[in-house]
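Dropping work24.txt in here (compact mmCIF, C-alpha atoms):
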```txt
# COMPACT_ATOMS: atom_id res chain seq x y z
CA MET A 754 3.25 -31.00 229.92
CA GLY A 755 0.64 -33.74 230.13
CA LEU A 756 -2.84 -33.77 228.69
CA PHE A 757 -5.10 -30.73 228.68
CA ASN A 758 -8.43 -29.46 227.36
CA SER A 759 -8.96 -26.77 224.74
CA LEU A 760 -11.17 -23.71 225.08
CA THR A 761 -12.23 -20.97 222.68
CA ILE A 762 -13.97 -17.72 223.56
CA ASP A 763 -16.46 -16.05 221.26
CA GLU A 764 -14.99 -13.02 219.50
CA SER A 765 -17.79 -10.80 220.80
CA ILE A 766 -16.33 -11.18 224.32
CA THR A 767 -13.51 -8.74 225.05
CA LEU A 768 -10.24 -10.18 226.29
CA PRO A 769 -8.44 -7.46 228.27
CA ASP A 770 -4.89 -6.53 227.23
CA LEU A 771 -4.84 -9.04 224.39
CA PRO A 772 -1.49 -8.65 222.54
CA PRO A 773 -1.89 -7.34 218.98
CA GLU A 774 0.25 -10.20 217.62
CA ILE A 775 -2.51 -12.68 218.45
CA ASN A 776 -5.09 -13.51 215.80
CA ARG A 777 -8.39 -13.63 217.66
CA LYS A 778 -10.05 -15.69 214.91
CA THR A 779 -7.67 -18.63 215.41
CA LEU A 780 -7.04 -18.21 219.15
CA MET A 781 -7.53 -21.43 221.11
CA PHE A 782 -6.52 -21.62 224.75
CA GLN A 783 -5.44 -24.61 226.78
CA THR A 784 -6.48 -25.38 230.34
CA LYS A 785 -6.01 -28.10 232.92
CA ASP A 786 -8.69 -26.87 235.28
CA LEU A 787 -11.83 -28.38 233.76
CA ASP A 788 -12.21 -31.79 235.41
CA GLU A 789 -10.50 -34.62 233.53
CA ASN A 790 -7.87 -33.49 231.03
CA LEU A 791 -8.78 -35.68 228.08
CA MET A 792 -8.19 -33.33 225.12
CA LEU A 793 -11.83 -32.26 225.23
CA ASN A 794 -13.10 -29.12 223.46
CA PHE A 795 -14.89 -26.37 225.38
CA ARG A 796 -16.11 -22.96 224.35
CA VAL A 797 -17.62 -19.82 225.83
CA ASN A 798 -20.39 -18.78 223.45
CA SER A 799 -21.67 -15.30 222.67
CA GLU A 800 -24.02 -15.51 225.67
CA LYS A 801 -21.03 -16.19 227.92
CA LYS A 802 -22.17 -19.73 228.58
CA LEU A 803 -19.64 -22.55 228.94
CA GLU A 804 -20.22 -25.48 226.60
CA ILE A 805 -18.57 -28.81 225.88
CA PHE A 806 -18.39 -30.43 222.46
CA LYS A 807 -20.12 -33.82 222.29
CA GLN A 808 -20.20 -36.57 219.70
CA GLU A 809 -22.08 -39.80 219.20
CA GLY A 810 -21.18 -42.53 216.77
CA LYS A 811 -19.81 -46.00 216.45
CA HIS A 812 -16.62 -47.83 215.59
CA VAL A 813 -16.64 -49.68 212.30
CA GLU A 814 -14.08 -51.89 210.64
CA ASN A 815 -11.87 -50.25 208.04
CA PRO A 816 -8.91 -52.28 206.76
CA ASP A 817 -7.42 -49.11 205.26
CA ILE A 818 -6.74 -47.71 208.76
CA PRO A 819 -3.19 -48.78 209.74
CA PHE A 820 -2.70 -50.82 212.92
CA PHE A 821 -6.22 -50.49 214.36
CA GLY A 822 -8.24 -51.52 211.32
CA MET A 823 -11.20 -49.51 212.63
CA GLU A 824 -12.48 -45.96 212.55
CA PHE A 825 -14.99 -43.90 214.50
CA VAL A 826 -17.92 -42.75 212.37
CA VAL A 827 -19.67 -39.68 213.77
CA GLU A 828 -23.46 -39.88 213.65
CA LYS A 829 -24.30 -36.86 215.76
CA GLU A 830 -22.41 -33.92 217.28
CA TRP A 831 -23.46 -30.91 219.32
CA TRP A 832 -22.47 -28.36 221.96
CA GLU A 833 -23.86 -28.97 225.43
CA HIS A 834 -24.08 -26.66 228.45
CA TYR A 835 -21.37 -27.37 231.01
CA ASP A 836 -22.41 -26.58 234.56
CA PHE A 837 -19.19 -25.42 236.18
CA THR A 838 -18.67 -23.11 239.14
CA GLY A 839 -15.20 -21.90 239.96
CA LYS A 840 -12.09 -20.35 238.45
CA ILE A 841 -10.01 -21.81 235.64
CA ASN A 842 -6.67 -20.72 234.26
CA ILE A 843 -6.30 -20.56 230.47
CA TYR A 844 -3.08 -19.99 228.55
CA GLU A 845 -1.52 -19.92 225.11
CA SER A 846 1.79 -19.07 223.47
CA TYR A 847 2.12 -16.61 220.58
CA LYS A 848 4.83 -15.65 218.11
CA HIS A 849 6.65 -12.39 217.59
CA ALA A 850 5.22 -10.24 214.80
CA ASN A 851 8.40 -10.70 212.76
CA ASP A 852 8.50 -14.45 213.25
CA ASN A 853 6.73 -15.25 210.00
CA GLU A 854 9.26 -17.45 208.22
CA PHE A 855 9.47 -21.21 208.68
CA LYS A 856 13.03 -22.52 208.71
CA LEU A 857 14.47 -25.56 210.43
CA ASN A 858 17.90 -24.36 211.47
CA LYS A 859 19.50 -23.44 214.79
CA SER A 860 19.91 -19.76 213.99
CA ARG A 861 16.21 -19.41 213.30
CA LEU A 862 15.28 -21.31 216.46
CA PHE A 863 17.33 -18.96 218.61
CA LYS A 864 16.28 -15.80 216.76
CA PHE A 865 12.81 -15.72 218.29
CA GLU A 866 11.23 -16.75 221.57
CA CYS A 867 7.46 -17.10 221.82
CA GLY A 868 5.37 -15.01 224.14
CA TRP A 869 2.94 -16.42 226.69
CA ILE A 870 -0.44 -15.12 227.82
CA GLU A 871 -2.73 -16.25 230.64
CA TYR A 872 -6.19 -15.39 231.94
CA ASP A 873 -8.31 -16.58 234.83
CA LEU A 874 -11.98 -17.14 234.01
CA VAL A 875 -14.58 -17.14 236.78
CA PHE A 876 -17.78 -19.13 236.18
CA TYR A 877 -20.99 -19.52 238.13
CA HIS A 878 -23.09 -22.50 237.05
CA GLY A 879 -21.51 -22.44 233.62
CA LYS A 880 -21.92 -18.69 233.06
CA LEU A 881 -18.81 -16.53 232.60
CA ASP A 882 -18.77 -13.95 235.36
CA GLU A 883 -15.30 -12.39 235.12
CA ILE A 884 -12.14 -12.41 232.99
CA ILE A 885 -8.92 -11.64 234.85
CA PHE A 886 -5.75 -10.85 232.93
CA THR A 887 -2.90 -12.58 234.82
CA LYS A 888 0.20 -12.82 232.63
CA ASP A 889 1.76 -11.63 229.39
CA LYS A 890 5.34 -12.64 228.73
CA LYS A 891 6.28 -10.73 225.60
CA PRO A 892 7.83 -12.56 222.63
CA VAL A 893 11.49 -11.84 221.96
CA GLU A 894 13.43 -11.08 218.79
CA ARG A 895 17.16 -11.45 219.40
CA THR A 896 19.96 -9.59 217.68
CA ASP A 897 22.47 -11.42 215.48
CA ASP A 898 25.08 -11.10 218.24
CA GLU A 899 22.71 -12.62 220.80
CA VAL A 900 21.92 -15.48 218.43
CA GLU A 901 25.64 -16.11 217.85
CA HIS A 902 26.23 -16.18 221.61
CA LEU A 903 23.42 -18.69 222.13
CA LEU A 904 24.71 -20.87 219.31
CA LYS A 905 28.16 -20.99 220.88
CA GLU A 906 26.72 -21.67 224.32
CA SER A 907 24.53 -24.43 222.91
CA GLU A 908 27.54 -26.06 221.27
CA ARG A 909 29.55 -25.79 224.49
CA VAL A 910 26.79 -27.46 226.49
CA ARG A 911 26.38 -30.17 223.85
CA LYS A 912 30.09 -31.01 224.01
CA GLU A 913 30.00 -31.12 227.81
CA VAL A 914 27.05 -33.47 227.76
CA ASP A 915 28.67 -35.69 225.12
CA GLU A 916 31.88 -35.91 227.15
CA ARG A 917 30.00 -36.68 230.34
CA LEU A 918 27.91 -39.38 228.68
CA SER A 919 30.97 -40.87 226.99
CA LYS A 920 32.84 -41.04 230.30
CA ASN A 921 29.82 -42.54 232.04
CA ARG A 922 29.54 -45.16 229.26
CA LYS A 923 33.13 -46.25 229.87
CA ASP A 924 33.12 -45.98 233.67
CA ASN A 925 29.61 -47.28 234.39
CA PRO A 926 28.44 -49.48 231.53
CA THR A 927 25.00 -51.05 231.74
CA PRO A 928 24.71 -54.85 231.85
CA GLU A 929 23.86 -54.82 228.14
CA GLN A 930 26.87 -52.66 227.34
CA LYS A 931 29.14 -54.93 229.38
CA LEU A 932 28.03 -57.87 227.27
CA ILE A 933 28.76 -55.97 224.06
CA ASP A 934 32.19 -55.04 225.43
CA SER A 935 32.92 -58.65 226.31
CA ILE A 936 32.06 -59.73 222.75
CA ASP A 937 34.36 -57.03 221.42
CA GLU A 938 37.17 -58.29 223.65
CA ILE A 939 36.80 -61.75 222.13
CA THR A 940 37.08 -60.34 218.61
CA GLN A 941 40.22 -58.40 219.59
CA ARG A 942 42.20 -61.43 220.71
CA ASN A 943 45.62 -61.51 219.09
CA TYR A 944 46.90 -65.03 218.54
CA VAL A 945 50.60 -65.42 217.76
CA ILE A 946 49.97 -68.36 215.49
CA PRO A 947 46.18 -68.79 215.28
CA GLU A 948 44.68 -72.19 214.62
CA ILE A 949 41.20 -73.11 213.45
CA GLU A 950 40.36 -74.31 216.95
CA ASP A 951 41.07 -70.83 218.31
CA TYR A 952 38.53 -69.24 215.97
CA TYR A 953 36.02 -71.98 216.72
CA THR A 954 36.40 -71.31 220.45
CA ASP A 955 35.89 -67.58 219.85
CA LEU A 956 32.73 -68.18 217.83
CA VAL A 957 31.31 -70.44 220.53
CA GLU A 958 31.98 -67.80 223.19
CA ILE A 959 30.44 -65.06 221.04
CA LYS A 960 27.35 -67.21 220.49
CA GLU A 961 27.08 -67.76 224.26
CA LYS A 962 27.31 -64.01 224.86
CA ILE A 963 24.60 -63.32 222.27
CA ASN A 964 22.33 -65.88 223.90
CA GLU A 965 23.04 -64.31 227.30
CA TYR A 966 22.05 -60.90 225.93
CA ARG A 967 18.83 -62.22 224.43
CA ASN A 968 17.86 -64.13 227.56
CA LYS A 969 18.55 -61.25 229.94
CA HIS A 970 17.83 -58.08 228.01
CA ASP A 971 16.14 -58.55 224.63
CA ARG A 972 12.47 -58.91 225.62
CA TRP A 973 11.31 -58.46 222.03
CA TYR A 974 13.33 -61.46 220.93
CA GLY A 975 10.91 -63.49 223.02
CA THR A 976 13.01 -64.86 225.86
CA ALA A 977 13.89 -62.03 228.25
CA PRO A 978 11.46 -61.16 231.05
CA GLU A 979 9.28 -58.07 230.71
CA GLN A 980 10.70 -54.88 232.18
CA ASP A 981 8.71 -52.73 234.61
```
Just dump the structure as structure tokens.
Amino acid sequence: MGLFNSLTIDESITLPDLPPEINRKTLMFQTKDLDENLMLNFRVNSEKKLEIFKQEGKHVENPDIPFFGMEFVVEKEWWEHYDFTGKINIYESYKHANDNEFKLNKSRLFKFECGWIEYDLVFYHGKLDEIIFTKDKKPVERTDDEVEHLLKESERVRKEVDERLSKNRKDNPTPEQKLIDSIDEITQRNYVIPEIEDYYTDLVEIKEKINEYRNKHDRWYGTAPEQD
């Protein structure tokens, strides 16, 4: 999907054909049509003016912040007029009215399919001029039979993918996998009457294979070249 910007529209502004399942108070659209898509926040205020959310502050050290050890402290924030002329597409997904239970299982995932709504907004120098309703894909609630069919189909596809990947692993191993296979072959040697020298030879070969793996493929071990 890539990065995007967020946009809210003041509740006093009518959105044509807005589905009843959508809560207007929490509605936040996404768009990729407002210059750089850097997860910025925009809004259309009650006067139909386009604004961008701004912040000023500084980074300060904070050892309690994992990894970075710093945090951004906001000193000032405000909404600023955004002078934009043109048309932008905004969109958002929404749930079925009956999809109000949170469960992490396959049946529940297949039971409902989210809806999708889109509008085009036309601006002239940062002033909203027109709202155009462009798309409403209704959410879906499937029957138990439909869910059962999708579950079976999902399992069939999963097995096909597993078989294909397993065959590809055996027929077209990567260089790393070939090295692992070669080590396994050493461990599977069947000596009629093994001697200590045989095991010593095997260990030396295994060590050589491990070093080969590290030198060619294990960049985080510190010896392999960086991968593009």
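Atom pair atom CA of A:Asp852 / atom CA of A:Ile775: separated by 12.3 Å.
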Shell around A:Asp934 at 12 Å using all atoms listed in the file, local window under 3 positions removed, as JSON, numbers by chain: {"A": [922, 923, 926, 927, 928, 929, 930, 931, 937, 938, 939, 940, 941, 959, 962, 963, 966]}
Output C-alpha atoms for every residue in the selection just made, as a short mmCIF file (atom, residue, chain, number, x, y, z; two decimals), in the coordinates of the input.
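Listing of again-v2.cif after writing:
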```
data_model
loop_
_atom_site.label_atom_id
_atom_site.label_comp_id
_atom_site.auth_asym_id
_atom_site.auth_seq_id
_atom_site.Cartn_x
_atom_site.Cartn_y
_atom_site.Cartn_z
CA ARG A 922 29.54 -45.16 229.26
CA LYS A 923 33.13 -46.25 229.87
CA PRO A 926 28.44 -49.48 231.53
CA THR A 927 25.00 -51.05 231.74
CA PRO A 928 24.71 -54.85 231.85
CA GLU A 929 23.86 -54.82 228.14
CA GLN A 930 26.87 -52.66 227.34
CA LYS A 931 29.14 -54.93 229.38
CA ASP A 937 34.36 -57.03 221.42
CA GLU A 938 37.17 -58.29 223.65
CA ILE A 939 36.80 -61.75 222.13
CA THR A 940 37.08 -60.34 218.61
CA GLN A 941 40.22 -58.40 219.59
CA ILE A 959 30.44 -65.06 221.04
CA LYS A 962 27.31 -64.01 224.86
CA ILE A 963 24.60 -63.32 222.27
CA TYR A 966 22.05 -60.90 225.93
#
```
Measuring between all atoms listed in the file, which one of A:Ser919, A:Gln808, A:Thr784, A:Ser799 shows the shortest distance to A:Glu830? A:Gln808
Find the residues around A:Leu903 up to 9 Å (only C-alpha atoms counted), leave out those fewer than 5 positions away in its own chain, and share them as a PyMOL selection string. chain A and resi 860+863+898+908
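Atom pair atom CA of A:Leu768 / atom CA of A:Tyr835 has a distance of 21.0 Å (rounded to one decimal).
Proximity to A:Ile933 was assessed for A:Lys960, A:Val797, A:Trp973, A:Phe876 counting all atoms listed in the file; the smallest distance is recorded for A:Lys960.
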N, CA and C atoms are needed for stretch 882-902 of chain A; please write them out as a PDB file, in the frame of the given file.
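See rebuild18.pdb below for the written result:
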```pdb
ATOM      1  N   ASP A 882     -18.490 -15.092 234.506  1.00  0.00           N
ATOM      2  CA  ASP A 882     -18.770 -13.950 235.360  1.00  0.00           C
ATOM      3  C   ASP A 882     -17.665 -12.895 235.300  1.00  0.00           C
ATOM      4  N   GLU A 883     -16.402 -13.352 235.088  1.00  0.00           N
ATOM      5  CA  GLU A 883     -15.300 -12.390 235.120  1.00  0.00           C
ATOM      6  C   GLU A 883     -14.106 -12.959 234.345  1.00  0.00           C
ATOM      7  N   ILE A 884     -13.384 -12.058 233.663  1.00  0.00           N
ATOM      8  CA  ILE A 884     -12.140 -12.410 232.990  1.00  0.00           C
ATOM      9  C   ILE A 884     -11.022 -11.609 233.632  1.00  0.00           C
ATOM     10  N   ILE A 885     -10.016 -12.292 234.137  1.00  0.00           N
ATOM     11  CA  ILE A 885      -8.920 -11.640 234.850  1.00  0.00           C
ATOM     12  C   ILE A 885      -7.624 -11.858 234.074  1.00  0.00           C
ATOM     13  N   PHE A 886      -7.032 -10.774 233.615  1.00  0.00           N
ATOM     14  CA  PHE A 886      -5.750 -10.850 232.930  1.00  0.00           C
ATOM     15  C   PHE A 886      -4.665 -11.118 233.966  1.00  0.00           C
ATOM     16  N   THR A 887      -3.870 -12.207 233.785  1.00  0.00           N
ATOM     17  CA  THR A 887      -2.900 -12.580 234.820  1.00  0.00           C
ATOM     18  C   THR A 887      -1.454 -12.563 234.358  1.00  0.00           C
ATOM     19  N   LYS A 888      -1.191 -12.746 233.052  1.00  0.00           N
ATOM     20  CA  LYS A 888       0.200 -12.820 232.630  1.00  0.00           C
ATOM     21  C   LYS A 888       0.347 -12.566 231.145  1.00  0.00           C
ATOM     22  N   ASP A 889       1.387 -11.800 230.797  1.00  0.00           N
ATOM     23  CA  ASP A 889       1.760 -11.630 229.390  1.00  0.00           C
ATOM     24  C   ASP A 889       3.269 -11.527 229.317  1.00  0.00           C
ATOM     25  N   LYS A 890       3.896 -12.629 228.946  1.00  0.00           N
ATOM     26  CA  LYS A 890       5.340 -12.640 228.730  1.00  0.00           C
ATOM     27  C   LYS A 890       5.566 -12.336 227.251  1.00  0.00           C
ATOM     28  N   LYS A 891       6.155 -11.199 226.971  1.00  0.00           N
ATOM     29  CA  LYS A 891       6.280 -10.730 225.600  1.00  0.00           C
ATOM     30  C   LYS A 891       7.223 -11.627 224.784  1.00  0.00           C
ATOM     31  N   PRO A 892       6.910 -11.806 223.491  1.00  0.00           N
ATOM     32  CA  PRO A 892       7.830 -12.560 222.630  1.00  0.00           C
ATOM     33  C   PRO A 892       9.112 -11.763 222.418  1.00  0.00           C
ATOM     34  N   VAL A 893      10.170 -12.463 222.065  1.00  0.00           N
ATOM     35  CA  VAL A 893      11.490 -11.840 221.960  1.00  0.00           C
ATOM     36  C   VAL A 893      12.055 -12.048 220.558  1.00  0.00           C
ATOM     37  N   GLU A 894      12.643 -10.986 220.008  1.00  0.00           N
ATOM     38  CA  GLU A 894      13.430 -11.080 218.790  1.00  0.00           C
ATOM     39  C   GLU A 894      14.868 -10.723 219.153  1.00  0.00           C
ATOM     40  N   ARG A 895      15.783 -11.663 218.982  1.00  0.00           N
ATOM     41  CA  ARG A 895      17.160 -11.450 219.400  1.00  0.00           C
ATOM     42  C   ARG A 895      17.989 -10.854 218.268  1.00  0.00           C
ATOM     43  N   THR A 896      19.032 -10.146 218.661  1.00  0.00           N
ATOM     44  CA  THR A 896      19.960  -9.590 217.680  1.00  0.00           C
ATOM     45  C   THR A 896      20.851 -10.714 217.149  1.00  0.00           C
ATOM     46  N   ASP A 897      21.556 -10.431 216.059  1.00  0.00           N
ATOM     47  CA  ASP A 897      22.470 -11.420 215.480  1.00  0.00           C
ATOM     48  C   ASP A 897      23.569 -11.795 216.469  1.00  0.00           C
ATOM     49  N   ASP A 898      24.051 -10.813 217.244  1.00  0.00           N
ATOM     50  CA  ASP A 898      25.080 -11.100 218.240  1.00  0.00           C
ATOM     51  C   ASP A 898      24.549 -12.006 219.343  1.00  0.00           C
ATOM     52  N   GLU A 899      23.310 -11.770 219.761  1.00  0.00           N
ATOM     53  CA  GLU A 899      22.710 -12.620 220.800  1.00  0.00           C
ATOM     54  C   GLU A 899      22.507 -14.039 220.277  1.00  0.00           C
ATOM     55  N   VAL A 900      22.092 -14.152 219.026  1.00  0.00           N
ATOM     56  CA  VAL A 900      21.920 -15.480 218.430  1.00  0.00           C
ATOM     57  C   VAL A 900      23.251 -16.208 218.357  1.00  0.00           C
ATOM     58  N   GLU A 901      24.309 -15.501 217.943  1.00  0.00           N
ATOM     59  CA  GLU A 901      25.640 -16.110 217.850  1.00  0.00           C
ATOM     60  C   GLU A 901      26.111 -16.588 219.222  1.00  0.00           C
ATOM     61  N   HIS A 902      25.856 -15.795 220.251  1.00  0.00           N
ATOM     62  CA  HIS A 902      26.230 -16.180 221.610  1.00  0.00           C
ATOM     63  C   HIS A 902      25.482 -17.443 222.044  1.00  0.00           C
TER      64      HIS A 902
END
```
